[in-house]
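Written out below as structure tokens is the structure these notes cover.
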Amino acid sequence: MPAFWSEPDWDEHERVEVVHDRASGLTAIIALHSTHLGPAAGGTRFWHYDDPAKAMRDALRLSRGMSYKNAMAGLPIGGGKAVVLLDKDGTKTEAMLHAFGDAVEALGGRYVTAEDVGASEADMVAIHTRTQHVCGLPAEDGEAGGDPGPFTAMGIYLGIKAAVAHKLGKSTMQDVHVAVQGCGSVGGGVARLLANDGAKLTLSDIDQNRAAELASELGGDSLAAADVMSVACDVFSPNALGAILDDESIARLDCAIVAGGANNQLARPHHGQQLHDRGILYAPDYVINAGGIINVSYEYLCRREGKPCDLDAVNERIGQIPGRLREIWNESHASGRPSNEVADAMAQRLIGR
Ligand code: NAD
């Protein structure tokens, strides 16, 4: 069997395209995991890979993740992802963005792209000169689109409140202690929303000044990035890196709930079982962090139908994240299976697998 199909992240992807444009120097992989629910949507990552096999792995793994995320958010879209392989210096030119736009256009709407790591709104505007199948474009005030961070933060905030009600039986966040890892676009937004509700905050960031400044603005504490995963708290909210939940860190956790926006928090799927065994309620990352994709997918779907897209529909859909989480936790409780496994099984059913 060729190496490609024996990749651990190969999951019967519907289509995987390797694109090379000699004139601009663009090399990209576009992976469409599933179009069962609609066009495969997911961002484009611009990254230098020391080995192209890693780029293929990212495209396969991340596009499957988008299928699950979009399905669990109840969106009429499938899952896809693209990676653009940059040189060591990270060179990204207008000509490459145009060639990438041509490649997206050639897929005839089966794939819809957006920002991911290494991409900006300006890049999406450049790609949009060649294809309609882009979201994450600059938005007018009060309309869907633009920076997904605040929408992602809102979904996480609502998910944390649902977890606190479910696990701790508390209907308010007053004095609930939340330790936040990462104070960027998402983590900073979550911290602000929680502070407004009277939560007790402990903030950390690899940039210690950023955490300290936000803590003094919001009235919480800050601590060194290395210590946040062992702080005694009600909720640990990871909003920085992936793969942070492993054997060693799970043993150190001193919290009742893990709920945050970082993608791919579990180092391996069995770490969901370890959280479950320790009695820690886990909010599957791709369910709780769907606010951003909800926002940009509404932007795309409204534009495609030629109608304005106000934020009410976006906020209503983000407001359904807690309900989906409760569904997962209830099934997890009833079946004794960890919440990550329950979520994966639900997502697979939704995409017809
Ligand atoms: P960001 O770059 O704005 O913020 C990340 C923050 O984490 C930065 O302040 C950085 O200094 C800090 N950080 C990095 N390493 C750290 C460490 N080891 N310990 C503590 N802090 C550390 O990024 P973001 O947009 O806020 O995204 C955060 C996470 O959420 C990422 O995993 C991202 O994939 C995920 N996510 C983001 C969105 C979105 O809408 N932006 C949507 C879904 C998922």
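Here, A, B, ... name the chains of the structure tokens in the order displayed, residue numbers run from 1 inside each chain, and ligands are numbered from 1 in the same displayed order.
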
Give me the chain A side of the contact with ligand 1, cut-off 6 Å, one line per residue showing its nearest atom pair and distance in Å at one decimal, counting only C-alpha atoms and all ligand atoms, sorted by chain and residue number, as a Markdown table.
| residue | atom | partner | partner_atom_place_in_ligand_line | distance |
| --- | --- | --- | --- | --- |
| A:Pro148 | CA | ligand 1 | 40 (O) | 4.2 |
| A:Gly149 | CA | ligand 1 | 40 (O) | 3.7 |
| A:Thr152 | CA | ligand 1 | 40 (O) | 4.8 |
| A:Gln181 | CA | ligand 1 | 20 (C) | 5.0 |
| A:Gly182 | CA | ligand 1 | 7 (O) | 3.7 |
| A:Cys183 | CA | ligand 1 | 9 (O) | 4.6 |
| A:Gly184 | CA | ligand 1 | 4 (O) | 3.2 |
| A:Ser185 | CA | ligand 1 | 26 (O) | 3.7 |
| A:Val186 | CA | ligand 1 | 26 (O) | 3.7 |
| A:Gly187 | CA | ligand 1 | 26 (O) | 5.6 |
| A:Ser204 | CA | ligand 1 | 20 (C) | 5.7 |
| A:Asp205 | CA | ligand 1 | 21 (N) | 3.5 |
| A:Ile206 | CA | ligand 1 | 21 (N) | 4.2 |
| A:Asp207 | CA | ligand 1 | 11 (O) | 5.0 |
| A:Ala225 | CA | ligand 1 | 19 (N) | 4.8 |
| A:Asn239 | CA | ligand 1 | 29 (C) | 4.6 |
| A:Ala240 | CA | ligand 1 | 7 (O) | 3.9 |
| A:Leu241 | CA | ligand 1 | 32 (O) | 4.7 |
| A:Gly242 | CA | ligand 1 | 32 (O) | 5.7 |
| A:Gly261 | CA | ligand 1 | 30 (O) | 4.6 |
| A:Ala262 | CA | ligand 1 | 32 (O) | 3.4 |
| A:Asn263 | CA | ligand 1 | 32 (O) | 4.6 |
| A:Asn289 | CA | ligand 1 | 43 (C) | 5.0 |
| A:Gly292 | CA | ligand 1 | 40 (O) | 4.6 |

Please identify all polymer residues within 6 Å of Asp234 (chain A), counting only C-alpha atoms, omitting same-chain residues fewer than 4 positions from it, and present them as a count of residues only.
4

Do a neighbour search on Ala59 (chain A) at 10 Å with only C-alpha atoms, toss out local chain neighbours closer than 5 positions, and write the hits as a PyMOL selection string.
chain A and resi 9-10+16+28-33+44-45+53-54+64-65+80-84

Which residues are close to Glu299 (chain A), i.e. within 7 Å by only C-alpha atoms, leaving aside same-chain residues fewer than 4 positions away? Reply as a CSV table (one decimal) with N, CA, C and O atoms, in the first residue's frame.
chain,number,residue,atom,x,y,z
A,135,CYS,N,-13.7,33.0,3.4
A,135,CYS,CA,-14.4,33.7,4.5
A,135,CYS,C,-13.3,34.3,5.4
A,135,CYS,O,-12.1,34.0,5.2
A,144,ALA,N,-21.6,39.8,10.4
A,144,ALA,CA,-20.7,38.6,10.6
A,144,ALA,C,-19.4,38.7,9.8
A,144,ALA,O,-19.4,39.4,8.8
A,145,GLY,N,-18.4,38.1,10.3
A,145,GLY,CA,-17.1,38.1,9.6
A,145,GLY,C,-16.0,38.9,10.4
A,145,GLY,O,-16.3,39.2,11.6
A,295,ASN,N,-19.0,32.2,13.2
A,295,ASN,CA,-19.0,33.6,12.6
A,295,ASN,C,-18.6,33.7,11.2
A,295,ASN,O,-19.4,34.2,10.3
A,303,ARG,N,-23.1,35.7,2.2
A,303,ARG,CA,-22.6,36.4,0.9
A,303,ARG,C,-23.0,35.5,-0.3
A,303,ARG,O,-23.4,36.1,-1.3
A,309,CYS,N,-25.8,39.8,6.5
A,309,CYS,CA,-25.7,38.8,7.6
A,309,CYS,C,-25.5,39.6,8.9
A,309,CYS,O,-24.4,40.0,9.2

Non-local contacts of Lys200 (chain A) (10 Å; only C-alpha atoms; under 6 positions in same chain excluded) as a PDB file with N, CA and C atoms, in the first residue's frame:
ATOM      1  N   MET A 173     -21.047  32.701  38.131  1.00  0.00           N
ATOM      2  CA  MET A 173     -19.595  32.552  38.143  1.00  0.00           C
ATOM      3  C   MET A 173     -18.968  33.302  39.316  1.00  0.00           C
ATOM      4  N   GLN A 174     -19.791  33.905  40.152  1.00  0.00           N
ATOM      5  CA  GLN A 174     -19.276  34.669  41.289  1.00  0.00           C
ATOM      6  C   GLN A 174     -18.325  33.796  42.117  1.00  0.00           C
ATOM      7  N   ASP A 175     -17.075  34.256  42.254  1.00  0.00           N
ATOM      8  CA  ASP A 175     -16.040  33.578  43.059  1.00  0.00           C
ATOM      9  C   ASP A 175     -15.622  32.200  42.535  1.00  0.00           C
ATOM     10  N   VAL A 176     -16.098  31.803  41.369  1.00  0.00           N
ATOM     11  CA  VAL A 176     -15.591  30.559  40.773  1.00  0.00           C
ATOM     12  C   VAL A 176     -14.167  30.848  40.272  1.00  0.00           C
ATOM     13  N   HIS A 177     -13.235  29.992  40.650  1.00  0.00           N
ATOM     14  CA  HIS A 177     -11.819  30.257  40.346  1.00  0.00           C
ATOM     15  C   HIS A 177     -11.420  29.623  39.002  1.00  0.00           C
ATOM     16  N   VAL A 178     -11.044  30.484  38.053  1.00  0.00           N
ATOM     17  CA  VAL A 178     -10.650  30.002  36.728  1.00  0.00           C
ATOM     18  C   VAL A 178      -9.180  30.349  36.487  1.00  0.00           C
ATOM     19  N   ALA A 179      -8.379  29.345  36.138  1.00  0.00           N
ATOM     20  CA  ALA A 179      -6.976  29.571  35.777  1.00  0.00           C
ATOM     21  C   ALA A 179      -6.886  29.550  34.251  1.00  0.00           C
ATOM     22  N   ALA A 191     -11.132  35.826  29.660  1.00  0.00           N
ATOM     23  CA  ALA A 191     -10.863  36.399  30.986  1.00  0.00           C
ATOM     24  C   ALA A 191     -11.732  37.639  31.231  1.00  0.00           C
ATOM     25  N   LEU A 194     -15.320  36.593  31.923  1.00  0.00           N
ATOM     26  CA  LEU A 194     -15.447  35.974  33.245  1.00  0.00           C
ATOM     27  C   LEU A 194     -15.324  37.018  34.354  1.00  0.00           C
ATOM     28  N   LEU A 218      -8.081  43.477  35.306  1.00  0.00           N
ATOM     29  CA  LEU A 218      -9.330  42.760  35.605  1.00  0.00           C
ATOM     30  C   LEU A 218      -9.481  42.406  37.083  1.00  0.00           C
ATOM     31  N   GLY A 219      -8.416  42.636  37.843  1.00  0.00           N
ATOM     32  CA  GLY A 219      -8.505  42.354  39.274  1.00  0.00           C
ATOM     33  C   GLY A 219      -8.248  40.903  39.631  1.00  0.00           C
ATOM     34  N   GLY A 220      -7.335  40.247  38.916  1.00  0.00           N
ATOM     35  CA  GLY A 220      -6.989  38.856  39.275  1.00  0.00           C
ATOM     36  C   GLY A 220      -5.515  38.740  39.615  1.00  0.00           C
ATOM     37  N   ASP A 221      -5.042  37.503  39.695  1.00  0.00           N
ATOM     38  CA  ASP A 221      -3.619  37.250  39.943  1.00  0.00           C
ATOM     39  C   ASP A 221      -2.981  36.761  38.649  1.00  0.00           C
ATOM     40  N   CYS A 233      -7.796  25.191  41.481  1.00  0.00           N
ATOM     41  CA  CYS A 233      -8.827  26.072  40.929  1.00  0.00           C
ATOM     42  C   CYS A 233     -10.060  25.231  40.593  1.00  0.00           C
ATOM     43  N   ASP A 234     -11.134  25.902  40.234  1.00  0.00           N
ATOM     44  CA  ASP A 234     -12.325  25.160  39.795  1.00  0.00           C
ATOM     45  C   ASP A 234     -12.202  24.768  38.323  1.00  0.00           C
TER      46      ASP A 234
END
